[in-house]
file my_file_9.cif (mmCIF, N, CA and C atoms)
data_upload
loop_
_atom_site.label_atom_id
_atom_site.label_comp_id
_atom_site.auth_asym_id
_atom_site.auth_seq_id
_atom_site.Cartn_x
_atom_site.Cartn_y
_atom_site.Cartn_z
N MET Y 358 53.03 134.27 144.96
CA MET Y 358 53.72 135.22 144.12
C MET Y 358 52.69 136.09 143.40
N THR Y 359 52.96 137.34 143.27
CA THR Y 359 52.04 138.27 142.64
C THR Y 359 52.54 138.70 141.27
N THR Y 360 51.64 139.04 140.36
CA THR Y 360 52.00 139.49 139.02
C THR Y 360 51.69 140.96 138.84
N TYR Y 361 51.51 141.68 139.92
CA TYR Y 361 51.17 143.10 139.86
C TYR Y 361 52.44 143.92 139.64
N LEU Y 362 52.40 144.82 138.68
CA LEU Y 362 53.51 145.73 138.42
C LEU Y 362 53.03 147.16 138.69
N THR Y 363 53.86 147.93 139.32
CA THR Y 363 53.48 149.32 139.61
C THR Y 363 53.47 150.14 138.33
N ARG Y 364 52.78 151.25 138.37
CA ARG Y 364 52.69 152.15 137.22
C ARG Y 364 54.07 152.67 136.83
N GLU Y 365 54.90 153.00 137.82
CA GLU Y 365 56.25 153.50 137.54
C GLU Y 365 57.11 152.45 136.84
N LEU Y 366 56.96 151.20 137.25
CA LEU Y 366 57.72 150.13 136.63
C LEU Y 366 57.28 149.91 135.18
N ILE Y 367 56.00 149.95 134.93
CA ILE Y 367 55.48 149.80 133.56
C ILE Y 367 55.96 150.94 132.68
N GLU Y 368 55.93 152.17 133.19
CA GLU Y 368 56.41 153.32 132.42
C GLU Y 368 57.91 153.22 132.16
N GLY Y 369 58.66 152.72 133.15
CA GLY Y 369 60.10 152.54 132.96
C GLY Y 369 60.42 151.50 131.91
N ILE Y 370 59.67 150.41 131.91
CA ILE Y 370 59.87 149.36 130.89
C ILE Y 370 59.54 149.91 129.51
N ALA Y 371 58.45 150.66 129.40
CA ALA Y 371 58.06 151.24 128.10
C ALA Y 371 59.11 152.23 127.62
N ALA Y 372 59.67 153.04 128.52
CA ALA Y 372 60.71 154.00 128.13
C ALA Y 372 61.97 153.28 127.67
N ALA Y 373 62.34 152.19 128.35
CA ALA Y 373 63.52 151.43 127.95
C ALA Y 373 63.33 150.77 126.59
N GLN Y 374 62.13 150.25 126.33
CA GLN Y 374 61.85 149.66 125.02
C GLN Y 374 61.91 150.71 123.92
N LYS Y 375 61.37 151.87 124.19
CA LYS Y 375 61.38 152.96 123.21
C LYS Y 375 62.80 153.40 122.92
N LEU Y 376 63.64 153.48 123.94
CA LEU Y 376 65.03 153.87 123.76
C LEU Y 376 65.80 152.82 122.97
N SER Y 377 65.55 151.56 123.22
CA SER Y 377 66.27 150.51 122.49
C SER Y 377 65.84 150.45 121.02
N ARG Y 378 64.58 150.77 120.72
CA ARG Y 378 64.11 150.75 119.33
C ARG Y 378 64.68 151.91 118.54
N SER Y 379 64.91 153.03 119.18
CA SER Y 379 65.39 154.21 118.46
C SER Y 379 66.90 154.34 118.55
N SER Y 380 67.61 153.23 118.65
CA SER Y 380 69.07 153.28 118.74
C SER Y 380 69.66 153.72 117.40
N LYS Y 381 70.92 154.08 117.41
CA LYS Y 381 71.57 154.60 116.21
C LYS Y 381 71.77 153.53 115.14
N ARG Y 382 71.72 152.26 115.51
CA ARG Y 382 71.95 151.22 114.51
C ARG Y 382 70.77 151.07 113.55
N ASN Y 383 69.61 151.61 113.91
CA ASN Y 383 68.45 151.54 113.02
C ASN Y 383 68.53 152.69 112.03
N ARG Y 384 68.78 152.39 110.77
CA ARG Y 384 68.95 153.41 109.76
C ARG Y 384 67.72 153.55 108.86
N LEU Y 385 66.68 152.78 109.13
CA LEU Y 385 65.49 152.82 108.28
C LEU Y 385 64.76 154.13 108.44
N ARG Y 386 64.34 154.70 107.32
CA ARG Y 386 63.61 155.97 107.31
C ARG Y 386 62.49 155.88 106.28
N VAL Y 387 61.40 156.59 106.55
CA VAL Y 387 60.33 156.73 105.58
C VAL Y 387 60.30 158.20 105.17
N ARG Y 388 60.17 158.44 103.88
CA ARG Y 388 60.19 159.81 103.36
C ARG Y 388 58.88 160.09 102.65
N VAL Y 389 58.26 161.21 103.08
CA VAL Y 389 57.03 161.70 102.46
C VAL Y 389 57.30 163.14 102.04
N GLY Y 390 57.42 163.37 100.75
CA GLY Y 390 57.75 164.72 100.29
C GLY Y 390 59.11 165.13 100.81
N ASP Y 391 59.15 166.22 101.59
CA ASP Y 391 60.41 166.69 102.17
C ASP Y 391 60.61 166.21 103.60
N GLU Y 392 59.65 165.52 104.15
CA GLU Y 392 59.71 165.07 105.54
C GLU Y 392 60.28 163.66 105.64
N VAL Y 393 61.19 163.46 106.61
CA VAL Y 393 61.81 162.16 106.83
C VAL Y 393 61.52 161.73 108.27
N VAL Y 394 61.02 160.50 108.44
CA VAL Y 394 60.62 159.99 109.75
C VAL Y 394 61.33 158.65 109.99
N PRO Y 395 61.94 158.45 111.17
CA PRO Y 395 62.58 157.16 111.45
C PRO Y 395 61.57 156.02 111.59
N VAL Y 396 61.93 154.86 111.07
CA VAL Y 396 61.08 153.67 111.15
C VAL Y 396 61.53 152.84 112.34
N LEU Y 397 60.60 152.47 113.21
CA LEU Y 397 60.93 151.64 114.37
C LEU Y 397 61.04 150.18 114.00
N GLN Y 398 60.07 149.69 113.21
CA GLN Y 398 60.05 148.28 112.80
C GLN Y 398 59.61 148.20 111.35
N LEU Y 399 60.11 147.21 110.65
CA LEU Y 399 59.71 146.95 109.26
C LEU Y 399 59.48 145.46 109.13
N TRP Y 400 58.34 145.08 108.57
CA TRP Y 400 58.04 143.67 108.32
C TRP Y 400 57.48 143.54 106.91
N ASP Y 401 57.13 142.32 106.50
CA ASP Y 401 56.72 142.06 105.12
C ASP Y 401 55.49 142.83 104.69
N THR Y 402 54.55 143.05 105.59
CA THR Y 402 53.28 143.68 105.21
C THR Y 402 53.14 145.11 105.70
N GLY Y 403 54.17 145.68 106.33
CA GLY Y 403 54.06 147.05 106.81
C GLY Y 403 55.23 147.50 107.63
N PHE Y 404 55.03 148.62 108.35
CA PHE Y 404 56.08 149.19 109.19
C PHE Y 404 55.44 150.00 110.31
N ALA Y 405 56.26 150.40 111.28
CA ALA Y 405 55.78 151.19 112.41
C ALA Y 405 56.70 152.38 112.63
N VAL Y 406 56.12 153.53 112.98
CA VAL Y 406 56.87 154.73 113.34
C VAL Y 406 56.35 155.24 114.67
N GLU Y 407 57.13 156.09 115.31
CA GLU Y 407 56.70 156.68 116.57
C GLU Y 407 55.57 157.67 116.30
N THR Y 408 54.51 157.57 117.08
CA THR Y 408 53.33 158.41 116.86
C THR Y 408 53.65 159.89 117.01
N ALA Y 409 54.46 160.24 118.01
CA ALA Y 409 54.77 161.65 118.25
C ALA Y 409 55.68 162.24 117.17
N ALA Y 410 56.52 161.42 116.55
CA ALA Y 410 57.49 161.92 115.56
C ALA Y 410 56.90 162.06 114.17
N ALA Y 411 55.79 161.42 113.89
CA ALA Y 411 55.26 161.41 112.53
C ALA Y 411 53.85 161.97 112.48
N PRO Y 412 53.56 162.72 111.44
CA PRO Y 412 52.17 163.10 111.23
C PRO Y 412 51.40 161.89 110.72
N ARG Y 413 50.15 162.07 110.49
CA ARG Y 413 49.33 160.98 109.95
C ARG Y 413 49.74 160.76 108.49
N LEU Y 414 50.52 159.71 108.24
CA LEU Y 414 51.02 159.41 106.89
C LEU Y 414 49.96 158.67 106.10
N ARG Y 415 49.96 158.91 104.79
CA ARG Y 415 49.08 158.15 103.90
C ARG Y 415 49.54 158.38 102.47
N GLY Y 416 49.19 157.43 101.64
CA GLY Y 416 49.51 157.57 100.23
C GLY Y 416 50.86 156.97 99.87
N LEU Y 417 51.56 157.64 98.96
CA LEU Y 417 52.81 157.14 98.41
C LEU Y 417 53.99 157.63 99.24
N VAL Y 418 54.81 156.69 99.73
CA VAL Y 418 56.00 157.01 100.53
C VAL Y 418 57.18 156.21 100.00
N ASP Y 419 58.38 156.64 100.37
CA ASP Y 419 59.61 155.94 100.03
C ASP Y 419 60.29 155.49 101.31
N ILE Y 420 60.81 154.26 101.31
CA ILE Y 420 61.51 153.73 102.48
C ILE Y 420 62.98 153.58 102.12
N TYR Y 421 63.84 154.13 103.01
CA TYR Y 421 65.28 154.14 102.80
C TYR Y 421 65.99 153.42 103.94
N ASP Y 422 67.11 152.80 103.62
CA ASP Y 422 68.04 152.27 104.61
C ASP Y 422 69.29 153.11 104.49
N GLY Y 423 69.41 154.12 105.33
CA GLY Y 423 70.48 155.10 105.17
C GLY Y 423 70.22 155.91 103.92
N SER Y 424 71.12 155.83 102.95
CA SER Y 424 70.91 156.55 101.69
C SER Y 424 70.41 155.62 100.58
N ARG Y 425 70.30 154.33 100.86
CA ARG Y 425 69.88 153.35 99.85
C ARG Y 425 68.36 153.26 99.81
N HIS Y 426 67.79 153.49 98.64
CA HIS Y 426 66.34 153.44 98.44
C HIS Y 426 65.91 151.98 98.37
N LEU Y 427 65.04 151.56 99.30
CA LEU Y 427 64.58 150.17 99.34
C LEU Y 427 63.26 149.96 98.60
N PHE Y 428 62.23 150.73 98.99
CA PHE Y 428 60.89 150.51 98.46
C PHE Y 428 60.19 151.83 98.18
N GLN Y 429 59.28 151.77 97.22
CA GLN Y 429 58.29 152.81 97.03
C GLN Y 429 56.96 152.15 97.35
N CYS Y 430 56.23 152.71 98.33
CA CYS Y 430 55.07 152.01 98.88
C CYS Y 430 53.83 152.89 98.87
N LEU Y 431 52.71 152.25 98.71
CA LEU Y 431 51.40 152.86 98.91
C LEU Y 431 50.90 152.31 100.24
N ILE Y 432 50.62 153.21 101.20
CA ILE Y 432 50.33 152.76 102.56
C ILE Y 432 48.98 153.26 103.05
N VAL Y 433 48.46 152.57 104.06
CA VAL Y 433 47.27 152.99 104.80
C VAL Y 433 47.57 152.81 106.28
N ALA Y 434 47.00 153.68 107.11
CA ALA Y 434 47.20 153.58 108.55
C ALA Y 434 46.44 152.37 109.07
N SER Y 435 47.06 151.64 109.97
CA SER Y 435 46.46 150.43 110.49
C SER Y 435 45.97 150.62 111.92
N GLU Y 436 46.91 150.91 112.85
CA GLU Y 436 46.51 151.08 114.25
C GLU Y 436 47.55 151.90 114.99
N ASP Y 437 47.10 152.51 116.07
CA ASP Y 437 47.97 153.27 116.97
C ASP Y 437 48.01 152.52 118.28
N GLU Y 438 49.17 151.97 118.60
CA GLU Y 438 49.28 151.13 119.80
C GLU Y 438 50.56 151.44 120.54
N ALA Y 439 50.44 151.79 121.80
CA ALA Y 439 51.57 152.01 122.72
C ALA Y 439 52.59 152.99 122.17
N GLY Y 440 52.13 154.09 121.60
CA GLY Y 440 53.04 155.12 121.12
C GLY Y 440 53.64 154.88 119.77
N GLU Y 441 53.23 153.84 119.07
CA GLU Y 441 53.71 153.64 117.71
C GLU Y 441 52.54 153.48 116.76
N MET Y 442 52.66 154.13 115.63
CA MET Y 442 51.64 154.07 114.59
C MET Y 442 52.07 153.02 113.57
N ARG Y 443 51.18 152.08 113.30
CA ARG Y 443 51.47 151.00 112.36
C ARG Y 443 50.78 151.28 111.03
N TYR Y 444 51.50 151.01 109.96
CA TYR Y 444 50.99 151.20 108.61
C TYR Y 444 51.10 149.90 107.85
N GLU Y 445 50.16 149.65 106.97
CA GLU Y 445 50.19 148.46 106.13
C GLU Y 445 50.42 148.86 104.68
N PHE Y 446 51.10 147.99 103.95
CA PHE Y 446 51.36 148.23 102.54
C PHE Y 446 50.16 147.80 101.72
N LYS Y 447 49.70 148.66 100.84
CA LYS Y 447 48.77 148.24 99.79
C LYS Y 447 49.60 147.73 98.61
N ARG Y 448 50.74 148.39 98.43
CA ARG Y 448 51.68 148.03 97.36
C ARG Y 448 53.07 148.40 97.84
N ALA Y 449 54.02 147.52 97.66
CA ALA Y 449 55.42 147.78 97.99
C ALA Y 449 56.28 147.33 96.82
N THR Y 450 56.84 148.28 96.10
CA THR Y 450 57.64 147.99 94.93
C THR Y 450 59.11 148.20 95.28
N ALA Y 451 59.92 147.18 95.06
CA ALA Y 451 61.35 147.29 95.34
C ALA Y 451 61.98 148.29 94.39
N ALA Y 452 62.80 149.17 94.94
CA ALA Y 452 63.50 150.17 94.12
C ALA Y 452 64.70 149.52 93.45
N MET Y 453 64.94 149.91 92.21
CA MET Y 453 66.06 149.36 91.45
C MET Y 453 67.00 150.49 91.09
N ASP Y 454 68.28 150.16 90.92
CA ASP Y 454 69.27 151.17 90.57
C ASP Y 454 69.41 151.38 89.07
N ARG Y 455 68.66 150.62 88.30
CA ARG Y 455 68.65 150.78 86.83
C ARG Y 455 67.24 150.51 86.33
N PRO Y 456 66.89 150.98 85.16
CA PRO Y 456 65.54 150.74 84.66
C PRO Y 456 65.32 149.26 84.36
N PRO Y 457 64.09 148.78 84.54
CA PRO Y 457 63.82 147.36 84.27
C PRO Y 457 63.86 147.07 82.77
N LEU Y 458 64.24 145.84 82.44
CA LEU Y 458 64.25 145.41 81.05
C LEU Y 458 62.85 144.96 80.65
N ASP Y 459 62.46 145.23 79.42
CA ASP Y 459 61.17 144.77 78.95
C ASP Y 459 61.30 143.55 78.05
N PHE Y 460 62.45 142.86 78.17
CA PHE Y 460 62.68 141.64 77.42
C PHE Y 460 63.61 140.75 78.22
N VAL Y 461 63.66 139.48 77.85
CA VAL Y 461 64.55 138.53 78.52
C VAL Y 461 65.90 138.56 77.81
N ARG Y 462 66.95 138.75 78.59
CA ARG Y 462 68.30 138.79 78.02
C ARG Y 462 68.87 137.38 78.05
N GLY Y 463 69.29 136.89 76.90
CA GLY Y 463 69.86 135.55 76.81
C GLY Y 463 71.24 135.48 77.41
N GLU Y 464 71.67 134.26 77.76
CA GLU Y 464 72.99 134.08 78.37
C GLU Y 464 74.12 134.40 77.40
N ASP Y 465 73.96 134.06 76.10
CA ASP Y 465 75.02 134.29 75.13
C ASP Y 465 74.82 135.57 74.34
N GLN Y 466 73.93 136.41 74.76
CA GLN Y 466 73.65 137.67 74.07
C GLN Y 466 74.73 138.70 74.44
N PRO Y 467 75.19 139.46 73.45
CA PRO Y 467 76.24 140.46 73.76
C PRO Y 467 75.68 141.59 74.63
N ILE Y 468 76.55 142.14 75.45
CA ILE Y 468 76.17 143.22 76.35
C ILE Y 468 76.09 144.54 75.59
N GLY Y 469 76.99 144.76 74.65
CA GLY Y 469 77.02 146.00 73.88
C GLY Y 469 77.51 145.75 72.47
N LEU Y 470 77.54 146.77 71.67
CA LEU Y 470 78.00 146.66 70.29
C LEU Y 470 79.32 147.41 70.13
N ILE Y 471 80.21 146.80 69.36
CA ILE Y 471 81.50 147.43 69.04
C ILE Y 471 81.37 147.97 67.63
N PRO Y 472 81.51 149.27 67.45
CA PRO Y 472 81.35 149.84 66.09
C PRO Y 472 82.54 149.49 65.18
N ARG Y 473 82.25 149.39 63.89
CA ARG Y 473 83.29 149.12 62.89
C ARG Y 473 83.80 150.44 62.35
N PHE Y 474 85.10 150.54 62.19
CA PHE Y 474 85.70 151.76 61.62
C PHE Y 474 86.31 151.51 60.30
#

call {"tool": "encode", "arguments": {"input": "my_file_9.cif", "output": "structure tokens"}}
result
Amino acid sequence: MTTYLTRELIEGIAAAQKLSRSSKRNRLRVRVGDEVVPVLQLWDTGFAVETAAAPRLRGLVDIYDGSRHLFQCLIVASEDEAGEMRYEFKRATAAMDRPPLDFVRGEDQPIGLIPRF
């Protein structure tokens, strides 16, 4: 049995993998200024985008899942492999929908004040 694959077969497999990664169910996006680039993969220490679709990204970026803001990240380019550019997080801060508290809220503490009339 041989393990040789033809060039056409390898290119076909790569094209099929690229098509499956860029399916419509992937809603992850990275935003740099006014530019939005689809994210192919996201993991704990970084993410990957298609090399042809994205310029050389660096610095502060925002990662979105559809319209939901997930992270604000400081990134550096890691490697360019098989048509995808990989970036690593120097810092990844989870985005919150409200400002953080600078104190610990007790369990029996009132949420608001009712004024007296």

call {"tool": "closest_residue", "arguments": {"input": "my_file_9.cif", "among": "Y:Val418, Y:Glu407, Y:Asp401, Y:Gln374", "to": "Y:Arg388", "atoms": "only N, CA and C atoms"}}
result
Y:Val418

call {"tool": "residues_around", "arguments": {"input": "my_file_9.cif", "residues": "stretch 443-451 of chain Y", "least_positions_apart": "5", "cutoff": "7 Å", "atoms": "all atoms listed in the file", "output": "ChimeraX atom specification"}}
result
/Y:401-406,426-438

call {"tool": "residues_near_point", "arguments": {"input": "my_file_9.cif", "point": "(62.2, 153.7, 108.1)", "cutoff": "6 Å", "atoms": "only C-alpha atoms", "output": "short mmCIF file (atom, residue, chain, number, x, y, z; two decimals) with N, CA and C atoms, keeping the file's coordinate frame"}}
result
data_model
loop_
_atom_site.label_atom_id
_atom_site.label_comp_id
_atom_site.auth_asym_id
_atom_site.auth_seq_id
_atom_site.Cartn_x
_atom_site.Cartn_y
_atom_site.Cartn_z
N LEU Y 385 66.68 152.78 109.13
CA LEU Y 385 65.49 152.82 108.28
C LEU Y 385 64.76 154.13 108.44
N ARG Y 386 64.34 154.70 107.32
CA ARG Y 386 63.61 155.97 107.31
C ARG Y 386 62.49 155.88 106.28
N VAL Y 387 61.40 156.59 106.55
CA VAL Y 387 60.33 156.73 105.58
C VAL Y 387 60.30 158.20 105.17
N PRO Y 395 61.94 158.45 111.17
CA PRO Y 395 62.58 157.16 111.45
C PRO Y 395 61.57 156.02 111.59
N VAL Y 396 61.93 154.86 111.07
CA VAL Y 396 61.08 153.67 111.15
C VAL Y 396 61.53 152.84 112.34
N ILE Y 420 60.81 154.26 101.31
CA ILE Y 420 61.51 153.73 102.48
C ILE Y 420 62.98 153.58 102.12
#

call {"tool": "atom_distance", "arguments": {"input": "my_file_9.cif", "atom1": "atom N of Y:Gln466", "atom2": "atom C of Y:Asp454"}}
result
21.2 Å

call {"tool": "select_by_dssp", "arguments": {"input": "my_file_9.cif", "residues": "chain Y", "states": "strand (DSSP E or B)", "output": "VMD selection string"}}
result
chain Y and resid 385 to 389 392 to 400 403 to 407 416 to 422 425 to 438 441 to 451

call {"tool": "closest_residue", "arguments": {"input": "my_file_9.cif", "among": "Y:Leu366, Y:Gly469, Y:Ala452, Y:Asp419", "to": "Y:Gly390", "atoms": "all atoms listed in the file"}}
result
Y:Asp419

call {"tool": "atom_distance", "arguments": {"input": "my_file_9.cif", "atom1": "atom C of Y:Thr408", "atom2": "atom CA of Y:Lys375"}}
result
12.1 Å

call {"tool": "atom_distance", "arguments": {"input": "my_file_9.cif", "atom1": "atom CA of Y:Ala409", "atom2": "atom CA of Y:Arg364"}}
result
21.3 Å

call {"tool": "select_by_dssp", "arguments": {"input": "my_file_9.cif", "residues": "chain Y", "states": "alpha helix (DSSP H)", "output": "list of chain:residue names"}}
result
Y:Arg364, Y:Glu365, Y:Leu366, Y:Ile367, Y:Glu368, Y:Gly369, Y:Ile370, Y:Ala371, Y:Ala372, Y:Ala373, Y:Gln374, Y:Lys375, Y:Leu376, Y:Ser377, Y:Arg378

call {"tool": "axis_aligned_box", "arguments": {"input": "my_file_9.cif", "around": "stretch 419-431 of chain Y", "padding_each_side": "8 Å", "output": "lines of an AutoDock Vina configuration file"}}
result
center_x = 61.0
center_y = 153.3
center_z = 101.2
size_x = 36.2
size_y = 22.7
size_z = 24.3
